[in-house]
>>> print(open('work-v5.tsv').read())   # TSV, C-alpha atoms
chain	number	residue	atom	x	y	z
K	13	MET	CA	127.27	101.11	-123.56
K	14	LYS	CA	126.49	101.51	-127.20
K	15	ILE	CA	123.15	99.75	-127.23
K	16	PRO	CA	120.74	100.77	-124.47
K	17	ILE	CA	119.19	98.07	-122.36
K	18	LEU	CA	115.78	99.08	-121.12
K	19	HIS	CA	113.89	97.72	-118.14
K	20	GLN	CA	110.24	96.96	-118.18
K	21	GLY	CA	109.29	95.30	-114.93
K	22	GLU	CA	111.33	92.14	-114.79
K	23	ILE	CA	112.03	92.13	-118.48
K	24	LEU	CA	115.10	93.56	-120.17
K	25	LEU	CA	114.58	94.98	-123.61
K	26	THR	CA	117.22	95.81	-126.12
K	27	SER	CA	117.07	96.77	-129.76
K	28	ILE	CA	120.04	96.65	-132.12
K	29	GLN	CA	119.55	99.59	-134.43
K	30	GLU	CA	122.85	99.88	-136.22
K	31	ASP	CA	125.51	97.81	-137.89
K	32	LEU	CA	127.92	96.43	-135.35
K	33	THR	CA	131.56	95.46	-135.72
K	34	ASP	CA	132.64	92.19	-134.13
K	35	HIS	CA	134.01	94.17	-131.21
K	36	ASP	CA	130.71	95.98	-130.78
K	37	VAL	CA	128.87	92.67	-130.79
K	38	LEU	CA	131.08	91.29	-128.05
K	39	SER	CA	130.67	94.48	-126.02
K	40	PHE	CA	126.95	94.10	-126.41
K	41	GLN	CA	127.17	90.59	-125.06
K	42	ASP	CA	129.18	91.83	-122.07
K	43	ASP	CA	126.69	94.62	-121.37
K	44	VAL	CA	123.75	92.25	-121.52
K	45	VAL	CA	125.32	89.70	-119.22
K	46	GLN	CA	126.31	92.39	-116.74
K	47	GLU	CA	122.80	93.83	-116.79
K	48	ILE	CA	121.29	90.42	-116.14
K	49	ALA	CA	123.70	89.82	-113.28
K	50	GLY	CA	122.95	93.21	-111.80
K	51	THR	CA	119.17	92.93	-111.92
K	52	GLU	CA	116.87	90.02	-111.34
K	53	ALA	CA	115.55	90.02	-114.85
K	54	LYS	CA	113.36	87.04	-115.62
K	55	GLY	CA	113.41	87.69	-119.33
K	56	LEU	CA	115.31	89.39	-122.12
K	57	VAL	CA	114.06	90.47	-125.51
K	58	ILE	CA	116.58	91.23	-128.20
K	59	ASP	CA	114.98	93.08	-131.08
K	60	ILE	CA	116.76	92.88	-134.42
K	61	THR	CA	114.10	94.42	-136.65
K	62	ALA	CA	116.59	97.01	-137.88
K	63	LEU	CA	119.26	94.51	-138.86
K	64	TYR	CA	119.42	93.73	-142.55
K	65	ILE	CA	122.59	91.71	-142.18
K	66	VAL	CA	123.21	89.08	-139.52
K	67	ASP	CA	126.29	87.04	-140.31
K	68	SER	CA	127.58	83.86	-138.70
K	69	PHE	CA	129.58	85.73	-136.08
K	70	MET	CA	126.63	87.75	-134.82
K	71	ALA	CA	124.45	84.65	-134.95
K	72	ARG	CA	126.97	82.81	-132.81
K	73	VAL	CA	127.23	85.62	-130.27
K	74	LEU	CA	123.44	85.95	-130.05
K	75	ASN	CA	123.17	82.21	-129.41
K	76	GLU	CA	125.89	82.34	-126.78
K	77	THR	CA	124.28	85.30	-125.10
K	78	ALA	CA	121.01	83.43	-124.90
K	79	VAL	CA	122.69	80.38	-123.38
K	80	MET	CA	124.54	82.54	-120.85
K	81	ALA	CA	121.33	84.35	-119.94
K	82	ARG	CA	119.43	81.10	-119.49
K	83	THR	CA	122.20	79.77	-117.29
K	84	MET	CA	121.66	82.83	-115.14
K	85	GLY	CA	117.93	82.18	-114.95
K	86	THR	CA	116.78	84.55	-117.64
K	87	GLU	CA	114.72	83.49	-120.64
K	88	VAL	CA	115.57	85.03	-123.98
K	89	VAL	CA	113.61	85.77	-127.12
K	90	LEU	CA	114.96	87.22	-130.33
K	91	CYS	CA	112.36	89.19	-132.23
K	92	GLY	CA	111.92	90.98	-135.52
K	93	MET	CA	114.27	88.95	-137.69
K	94	GLN	CA	113.97	90.13	-141.30
K	95	PRO	CA	112.81	87.38	-143.65
K	96	ALA	CA	115.88	87.87	-145.87
K	97	VAL	CA	118.09	87.43	-142.80
K	98	ALA	CA	116.29	84.27	-141.72
K	99	LEU	CA	116.62	82.87	-145.22
K	100	THR	CA	120.31	83.68	-145.41
K	101	LEU	CA	121.09	82.12	-142.04
K	102	LEU	CA	119.18	78.98	-142.98
K	103	GLN	CA	121.03	78.76	-146.24
K	104	MET	CA	124.41	79.19	-144.60
K	105	GLY	CA	123.91	76.47	-142.06
K	106	ARG	CA	121.18	74.57	-140.28
K	107	GLU	CA	121.80	75.38	-136.65
K	108	LEU	CA	122.79	78.98	-136.94
K	109	ILE	CA	119.97	80.28	-134.82
K	110	GLY	CA	119.55	78.46	-131.52
K	111	VAL	CA	117.51	81.14	-129.78
K	112	GLU	CA	113.75	81.29	-129.42
K	113	THR	CA	112.43	83.72	-131.97
K	114	ALA	CA	109.30	85.77	-132.43
K	115	LEU	CA	107.85	87.81	-135.23
K	116	ASN	CA	107.73	91.13	-133.44
K	117	LEU	CA	107.89	92.71	-130.00
K	118	ASN	CA	104.31	91.84	-129.07
K	119	HIS	CA	104.78	88.21	-129.92
K	120	GLY	CA	108.19	88.32	-128.28
K	121	MET	CA	106.82	89.51	-124.96
K	122	ARG	CA	104.07	86.94	-125.02
K	123	LYS	CA	106.48	84.17	-125.82
K	124	LEU	CA	108.74	85.35	-123.05
K	125	ASP	CA	105.89	85.28	-120.52
K	126	HIS	CA	105.16	81.76	-121.63
K	127	LEU	CA	108.78	80.66	-121.30
K	128	ILE	CA	109.10	82.26	-117.87
K	129	GLU	CA	105.93	80.55	-116.72
K	130	GLU	CA	107.19	77.21	-117.99
K	131	ARG	CA	110.46	77.67	-116.24
K	132	GLY	CA	108.69	78.66	-113.05
K	133	SER	CA	106.58	75.52	-113.12
K	134	ASP	CA	109.69	73.36	-113.54
K	135	HIS	CA	110.69	74.26	-110.01
K	136	VAL	CA	107.43	73.20	-108.43
S	18	MET	CA	129.27	102.90	-161.70
S	19	SER	CA	130.79	99.70	-162.96
S	20	GLU	CA	133.43	99.11	-160.33
S	21	LYS	CA	134.06	100.07	-156.72
S	22	ARG	CA	136.97	99.21	-154.48
S	23	ILE	CA	136.96	99.30	-150.69
S	24	GLU	CA	140.16	98.99	-148.70
S	25	LEU	CA	139.78	96.72	-145.70
S	26	ASN	CA	142.01	97.91	-142.88
S	27	GLU	CA	139.74	97.50	-139.90
S	28	GLU	CA	136.39	96.03	-138.90
S	29	ARG	CA	134.48	99.18	-139.82
S	30	ASP	CA	135.66	98.83	-143.40
S	31	VAL	CA	133.98	95.46	-143.65
S	32	LEU	CA	130.72	97.09	-142.55
S	33	THR	CA	131.23	99.68	-145.30
S	34	ALA	CA	131.99	97.05	-147.93
S	35	ARG	CA	128.99	94.94	-147.08
S	36	SER	CA	126.51	97.80	-147.06
S	37	MET	CA	127.91	99.12	-150.34
S	38	GLY	CA	127.60	95.64	-151.76
S	39	ARG	CA	124.01	95.48	-150.60
S	40	GLU	CA	123.23	98.89	-152.06
S	41	LEU	CA	124.84	98.07	-155.40
S	42	ALA	CA	122.90	94.83	-155.57
S	43	ARG	CA	119.70	96.75	-154.90
S	44	ASN	CA	120.50	99.37	-157.54
S	45	LEU	CA	121.16	96.68	-160.09
S	46	GLY	CA	117.76	95.16	-159.45
S	47	PHE	CA	118.46	92.22	-157.18
S	48	GLY	CA	115.73	91.42	-154.65
S	49	SER	CA	116.11	91.79	-150.89
S	50	ALA	CA	117.00	88.15	-150.31
S	51	ASP	CA	119.85	88.36	-152.81
S	52	GLN	CA	120.97	91.70	-151.41
S	53	THR	CA	121.19	90.22	-147.93
S	54	ARG	CA	122.95	87.09	-149.13
S	55	LEU	CA	125.58	89.12	-150.91
S	56	ALA	CA	126.11	91.49	-147.99
S	57	THR	CA	126.44	88.54	-145.62
S	58	ALA	CA	128.94	86.83	-147.91
S	59	ILE	CA	131.02	90.00	-147.99
S	60	SER	CA	130.83	90.18	-144.22
S	61	GLU	CA	132.16	86.62	-143.85
S	62	LEU	CA	134.95	87.10	-146.37
S	63	GLY	CA	135.85	90.52	-145.00
S	64	ARG	CA	136.12	89.11	-141.51
S	65	ASN	CA	138.60	86.49	-142.71
S	66	VAL	CA	140.72	89.24	-144.22
S	67	ILE	CA	140.82	91.34	-141.07
S	68	GLN	CA	141.30	88.34	-138.82
S	69	TYR	CA	143.99	86.51	-140.73
S	70	ALA	CA	145.65	89.13	-142.90
S	71	ALA	CA	144.96	92.37	-141.01
S	72	GLN	CA	144.25	94.13	-144.28
S	73	GLY	CA	143.06	93.57	-147.82
S	74	SER	CA	140.52	94.85	-150.29
S	75	CYS	CA	137.04	94.27	-151.60
S	76	LEU	CA	136.18	94.98	-155.21
S	77	LEU	CA	132.59	95.25	-156.40
S	78	VAL	CA	132.06	94.88	-160.14
S	79	ASN	CA	128.85	95.24	-162.08
S	80	GLU	CA	128.79	92.66	-164.85
S	81	SER	CA	125.13	92.90	-165.74
S	82	ASN	CA	123.78	92.95	-169.27
S	83	GLU	CA	120.35	92.73	-170.94
S	84	ARG	CA	120.10	89.02	-170.29
S	85	MET	CA	121.29	88.86	-166.73
S	86	LEU	CA	121.98	90.72	-163.53
S	87	ALA	CA	125.48	89.94	-162.36
S	88	LEU	CA	127.59	91.30	-159.56
S	89	ARG	CA	131.12	90.10	-158.98
S	90	VAL	CA	132.90	90.63	-155.67
S	91	VAL	CA	136.62	90.00	-155.27
S	92	VAL	CA	138.01	89.90	-151.75
S	93	GLU	CA	141.76	89.82	-151.69
S	94	ASP	CA	144.58	89.93	-149.17
S	95	HIS	CA	148.30	89.32	-148.86
S	96	GLY	CA	148.17	87.44	-145.62
S	97	PRO	CA	149.52	84.01	-144.66
S	98	GLY	CA	147.01	82.17	-146.85
S	99	ILE	CA	144.83	79.18	-146.11
S	100	PRO	CA	147.06	76.16	-145.47
S	101	ASP	CA	144.43	73.53	-146.25
S	102	VAL	CA	141.81	74.89	-148.61
S	103	GLU	CA	139.96	71.60	-148.86
S	104	LYS	CA	139.60	71.39	-145.12
S	105	ALA	CA	138.55	75.02	-144.88
S	106	MET	CA	135.76	74.32	-147.36
S	107	GLN	CA	134.39	71.49	-145.27
S	108	ASP	CA	131.27	72.08	-143.23
S	109	GLY	CA	131.91	72.24	-139.55
S	110	PHE	CA	135.59	73.02	-139.83
S	111	SER	CA	136.64	76.14	-138.03
S	112	THR	CA	139.92	77.61	-136.89
S	113	ASN	CA	138.55	79.94	-134.28
S	114	ASN	CA	135.81	77.95	-132.66
S	115	SER	CA	133.04	79.80	-134.47
S	116	LEU	CA	130.09	78.00	-135.95
S	117	GLY	CA	132.26	76.99	-138.84
S	118	ALA	CA	129.83	78.58	-141.25
S	119	GLY	CA	132.61	80.69	-142.74
S	120	LEU	CA	133.65	79.59	-146.21
S	121	PRO	CA	131.30	76.69	-146.95
S	122	GLY	CA	128.38	78.71	-145.63
S	123	THR	CA	129.36	81.64	-147.79
S	124	ARG	CA	129.63	79.46	-150.86
S	125	ARG	CA	126.01	78.43	-150.43
S	126	LEU	CA	124.88	82.03	-150.64
S	127	VAL	CA	126.18	82.82	-154.11
S	128	GLN	CA	126.03	81.43	-157.64
S	129	GLU	CA	129.78	81.33	-158.18
S	130	PHE	CA	132.56	80.92	-155.66
S	131	VAL	CA	136.24	80.63	-156.49
S	132	LEU	CA	138.93	80.50	-153.85
S	133	LYS	CA	142.63	80.76	-154.60
S	134	SER	CA	145.07	80.79	-151.75
S	135	GLU	CA	148.80	80.49	-151.28
S	136	PRO	CA	151.12	81.95	-148.67
S	137	GLY	CA	151.12	85.69	-149.28
S	138	HIS	CA	148.02	85.84	-151.44
S	139	THR	CA	144.40	84.87	-151.06
S	140	VAL	CA	141.66	85.80	-153.50
S	141	VAL	CA	138.03	84.88	-153.16
S	142	THR	CA	135.82	85.71	-156.12
S	143	ILE	CA	132.07	85.38	-155.77
S	144	ARG	CA	129.28	86.20	-158.18
S	145	LEU	CA	125.64	86.86	-157.68
S	146	ILE	CA	123.78	86.09	-160.90
S	147	LYS	CA	120.14	86.32	-161.81
S	148	ARG	CA	118.27	86.22	-165.09
S	149	ASN	CA	117.26	89.73	-166.03
S	150	THR	CA	113.50	89.97	-165.96
S	151	GLN	CA	113.31	93.76	-166.11
>>> encode(input="work-v5.tsv", output="structure tokens")
Amino acid sequence: MKIPILHQGEILLTSIQEDLTDHDVLSFQDDVVQEIAGTEAKGLVIDITALYIVDSFMARVLNETAVMARTMGTEVVLCGMQPAVALTLLQMGRELIGVETALNLNHGMRKLDHLIEERGSDHV
Amino acid sequence: MSEKRIELNEERDVLTARSMGRELARNLGFGSADQTRLATAISELGRNVIQYAAQGSCLLVNESNERMLALRVVVEDHGPGIPDVEKAMQDGFSTNNSLGAGLPGTRRLVQEFVLKSEPGHTVVTIRLIKRNTQ
């Protein structure tokens, strides 16, 4: 596992700190999905503060990962997107980021709590 | 340094090319948004090379002068070529079920974009250009 996935209570936390090849990105997706399946994580935060380049492939995989996680009952928030990255993705195509995003980890955790609560109340 | 060539033989090489492109753009005086755009464009084009041609090259050329900052990137391969360039340049079209951002998305990131493709040879030339305010 190249990118560590940390546990904090029922939240999984992962931070991508280096440039990833397409293969690495797909491995990351596998690792995340396996971790979610193996735990009962209610939420997942993916921190991309360190990424100065997010191209369409990574954007797609991040989106997919979020959809897969949600299907498994886990809410996902992407946090720390660099402004230049956000701008580039917007310019490349409108729907490139389909994941909930947050400014930083603090905001990300709060947003996650909110999403988890919302999801919980859907089942009432 | 006026010119730098990176051979693209595997995925890692694309990472090298894009971060060198980003660094060169920064050294020339382009802002962070432009640096990221350029690096992302190289990433998209580099991926096409590895995916469809298995190998190719990326050339970074500094064409700046007193009036403008200019960086030209030429991504070239000797693969099968793009059978329908017009279609490939259409938004939403994709051969591998990706978002389809590929070529049209890349074109939106740069000031100049020229694509030439025939069986055995594909060359994409992009340029990042900005008025020199230094």
>>> residues_around(input="work-v5.tsv", residues="S:Ser81", least_positions_apart="6", cutoff="9 Å", atoms="all atoms listed in the file", output="number ranges by chain")
S: 45, 87-88, 146, 149
>>> interface_residues(input="work-v5.tsv", of="chain S", to="chain K", cutoff="7 Å", atoms="only C-alpha atoms", output="count of residues only")
17
>>> residues_around(input="work-v5.tsv", residues="K:Asp43", least_positions_apart="5", cutoff="9 Å", atoms="all atoms listed in the file", output="mmCIF file with C-alpha atoms, in the frame of the given file")
data_model
loop_
_atom_site.group_PDB
_atom_site.id
_atom_site.type_symbol
_atom_site.label_atom_id
_atom_site.label_comp_id
_atom_site.auth_asym_id
_atom_site.auth_seq_id
_atom_site.Cartn_x
_atom_site.Cartn_y
_atom_site.Cartn_z
ATOM 1 C CA MET K 13 127.270 101.110 -123.560
ATOM 2 C CA ILE K 15 123.150 99.750 -127.230
ATOM 3 C CA ILE K 17 119.190 98.070 -122.360
ATOM 4 C CA LEU K 38 131.080 91.290 -128.050
ATOM 5 C CA ILE K 48 121.290 90.420 -116.140
#
>>> residues_around(input="work-v5.tsv", residues="K:Ser27", least_positions_apart="5", cutoff="8 Å", atoms="only C-alpha atoms", output="mmCIF file with C-alpha atoms, in the coordinates of the input")
data_model
loop_
_atom_site.group_PDB
_atom_site.id
_atom_site.type_symbol
_atom_site.label_atom_id
_atom_site.label_comp_id
_atom_site.auth_asym_id
_atom_site.auth_seq_id
_atom_site.Cartn_x
_atom_site.Cartn_y
_atom_site.Cartn_z
ATOM 1 C CA ILE K 15 123.150 99.750 -127.230
ATOM 2 C CA PRO K 16 120.740 100.770 -124.470
ATOM 3 C CA ILE K 17 119.190 98.070 -122.360
ATOM 4 C CA ILE K 58 116.580 91.230 -128.200
ATOM 5 C CA ASP K 59 114.980 93.080 -131.080
ATOM 6 C CA ILE K 60 116.760 92.880 -134.420
ATOM 7 C CA THR K 61 114.100 94.420 -136.650
#
>>> closest_residue(input="work-v5.tsv", among="K:Ile23, K:Ile109, K:Val37, K:Leu18", to="K:Leu90", atoms="all atoms listed in the file")
K:Ile109
>>> atom_distance(input="work-v5.tsv", atom1="atom CA of K:Glu130", atom2="atom CA of K:Ala62")
29.6 Å
>>> decode(input="work-v5.tsv", residues="stretch 57-80 of chain S", atoms="N, CA, C and O atoms", output="mmCIF file, in the first residue's frame")
data_model
loop_
_atom_site.group_PDB
_atom_site.id
_atom_site.type_symbol
_atom_site.label_atom_id
_atom_site.label_comp_id
_atom_site.auth_asym_id
_atom_site.auth_seq_id
_atom_site.Cartn_x
_atom_site.Cartn_y
_atom_site.Cartn_z
ATOM 1 N N THR S 57 -0.685 19.918 -16.493
ATOM 2 C CA THR S 57 -1.837 19.050 -16.710
ATOM 3 C C THR S 57 -1.974 18.690 -18.183
ATOM 4 O O THR S 57 -2.262 17.542 -18.529
ATOM 5 N N ALA S 58 -1.734 19.665 -19.048
ATOM 6 C CA ALA S 58 -1.795 19.406 -20.495
ATOM 7 C C ALA S 58 -0.764 18.357 -20.875
ATOM 8 O O ALA S 58 -1.052 17.410 -21.617
ATOM 9 N N ILE S 59 0.442 18.489 -20.336
ATOM 10 C CA ILE S 59 1.493 17.517 -20.625
ATOM 11 C C ILE S 59 1.089 16.134 -20.124
ATOM 12 O O ILE S 59 1.331 15.115 -20.774
ATOM 13 N N SER S 60 0.453 16.108 -18.974
ATOM 14 C CA SER S 60 0.006 14.845 -18.405
ATOM 15 C C SER S 60 -0.996 14.154 -19.326
ATOM 16 O O SER S 60 -0.899 12.950 -19.584
ATOM 17 N N GLU S 61 -1.953 14.918 -19.844
ATOM 18 C CA GLU S 61 -2.966 14.356 -20.744
ATOM 19 C C GLU S 61 -2.327 13.845 -22.026
ATOM 20 O O GLU S 61 -2.593 12.729 -22.480
ATOM 21 N N LEU S 62 -1.474 14.681 -22.624
ATOM 22 C CA LEU S 62 -0.842 14.296 -23.887
ATOM 23 C C LEU S 62 0.115 13.118 -23.692
ATOM 24 O O LEU S 62 0.183 12.207 -24.510
ATOM 25 N N GLY S 63 0.840 13.147 -22.592
ATOM 26 C CA GLY S 63 1.777 12.068 -22.284
ATOM 27 C C GLY S 63 1.053 10.745 -22.100
ATOM 28 O O GLY S 63 1.511 9.693 -22.556
ATOM 29 N N ARG S 64 -0.090 10.810 -21.457
ATOM 30 C CA ARG S 64 -0.876 9.592 -21.257
ATOM 31 C C ARG S 64 -1.276 8.987 -22.597
ATOM 32 O O ARG S 64 -1.192 7.776 -22.792
ATOM 33 N N ASN S 65 -1.713 9.827 -23.510
ATOM 34 C CA ASN S 65 -2.092 9.333 -24.842
ATOM 35 C C ASN S 65 -0.929 8.607 -25.503
ATOM 36 O O ASN S 65 -1.107 7.564 -26.125
ATOM 37 N N VAL S 66 0.252 9.173 -25.351
ATOM 38 C CA VAL S 66 1.440 8.549 -25.950
ATOM 39 C C VAL S 66 1.659 7.152 -25.370
ATOM 40 O O VAL S 66 1.773 6.173 -26.107
ATOM 41 N N ILE S 67 1.695 7.072 -24.058
ATOM 42 C CA ILE S 67 1.959 5.781 -23.414
ATOM 43 C C ILE S 67 0.852 4.786 -23.720
ATOM 44 O O ILE S 67 1.098 3.615 -24.002
ATOM 45 N N GLN S 68 -0.360 5.257 -23.698
ATOM 46 C CA GLN S 68 -1.507 4.373 -23.893
ATOM 47 C C GLN S 68 -1.628 3.867 -25.324
ATOM 48 O O GLN S 68 -1.888 2.691 -25.561
ATOM 49 N N TYR S 69 -1.447 4.738 -26.282
ATOM 50 C CA TYR S 69 -1.686 4.350 -27.669
ATOM 51 C C TYR S 69 -0.442 4.040 -28.483
ATOM 52 O O TYR S 69 -0.507 3.349 -29.488
ATOM 53 N N ALA S 70 0.701 4.587 -28.050
ATOM 54 C CA ALA S 70 1.908 4.376 -28.848
ATOM 55 C C ALA S 70 3.015 3.668 -28.076
ATOM 56 O O ALA S 70 4.035 3.320 -28.634
ATOM 57 N N ALA S 71 2.801 3.490 -26.796
ATOM 58 C CA ALA S 71 3.782 2.838 -25.912
ATOM 59 C C ALA S 71 5.013 3.684 -25.655
ATOM 60 O O ALA S 71 5.603 3.627 -24.591
ATOM 61 N N GLN S 72 5.430 4.485 -26.629
ATOM 62 C CA GLN S 72 6.548 5.374 -26.352
ATOM 63 C C GLN S 72 6.556 6.570 -27.297
ATOM 64 O O GLN S 72 5.961 6.537 -28.376
ATOM 65 N N GLY S 73 7.224 7.633 -26.824
ATOM 66 C CA GLY S 73 7.292 8.857 -27.622
ATOM 67 C C GLY S 73 8.207 9.837 -26.915
ATOM 68 O O GLY S 73 9.058 9.434 -26.115
ATOM 69 N N SER S 74 8.020 11.108 -27.180
ATOM 70 C CA SER S 74 8.884 12.093 -26.538
ATOM 71 C C SER S 74 8.139 13.391 -26.259
ATOM 72 O O SER S 74 7.102 13.669 -26.860
ATOM 73 N N CYS S 75 8.709 14.148 -25.335
ATOM 74 C CA CYS S 75 8.140 15.438 -24.977
ATOM 75 C C CYS S 75 9.267 16.463 -25.022
ATOM 76 O O CYS S 75 10.277 16.310 -24.340
ATOM 77 N N LEU S 76 9.073 17.493 -25.831
ATOM 78 C CA LEU S 76 10.095 18.519 -25.962
ATOM 79 C C LEU S 76 9.594 19.829 -25.385
ATOM 80 O O LEU S 76 8.506 20.274 -25.721
ATOM 81 N N LEU S 77 10.390 20.407 -24.488
ATOM 82 C CA LEU S 77 10.019 21.687 -23.888
ATOM 83 C C LEU S 77 10.939 22.753 -24.465
ATOM 84 O O LEU S 77 12.154 22.625 -24.389
ATOM 85 N N VAL S 78 10.341 23.799 -25.048
ATOM 86 C CA VAL S 78 11.164 24.846 -25.654
ATOM 87 C C VAL S 78 10.789 26.231 -25.133
ATOM 88 O O VAL S 78 9.624 26.634 -25.198
ATOM 89 N N ASN S 79 11.789 26.939 -24.671
ATOM 90 C CA ASN S 79 11.567 28.302 -24.205
ATOM 91 C C ASN S 79 11.607 29.245 -25.397
ATOM 92 O O ASN S 79 12.614 29.349 -26.090
ATOM 93 N N GLU S 80 10.495 29.914 -25.649
ATOM 94 C CA GLU S 80 10.469 30.850 -26.782
ATOM 95 C C GLU S 80 10.170 32.263 -26.315
ATOM 96 O O GLU S 80 9.629 33.074 -27.052
#
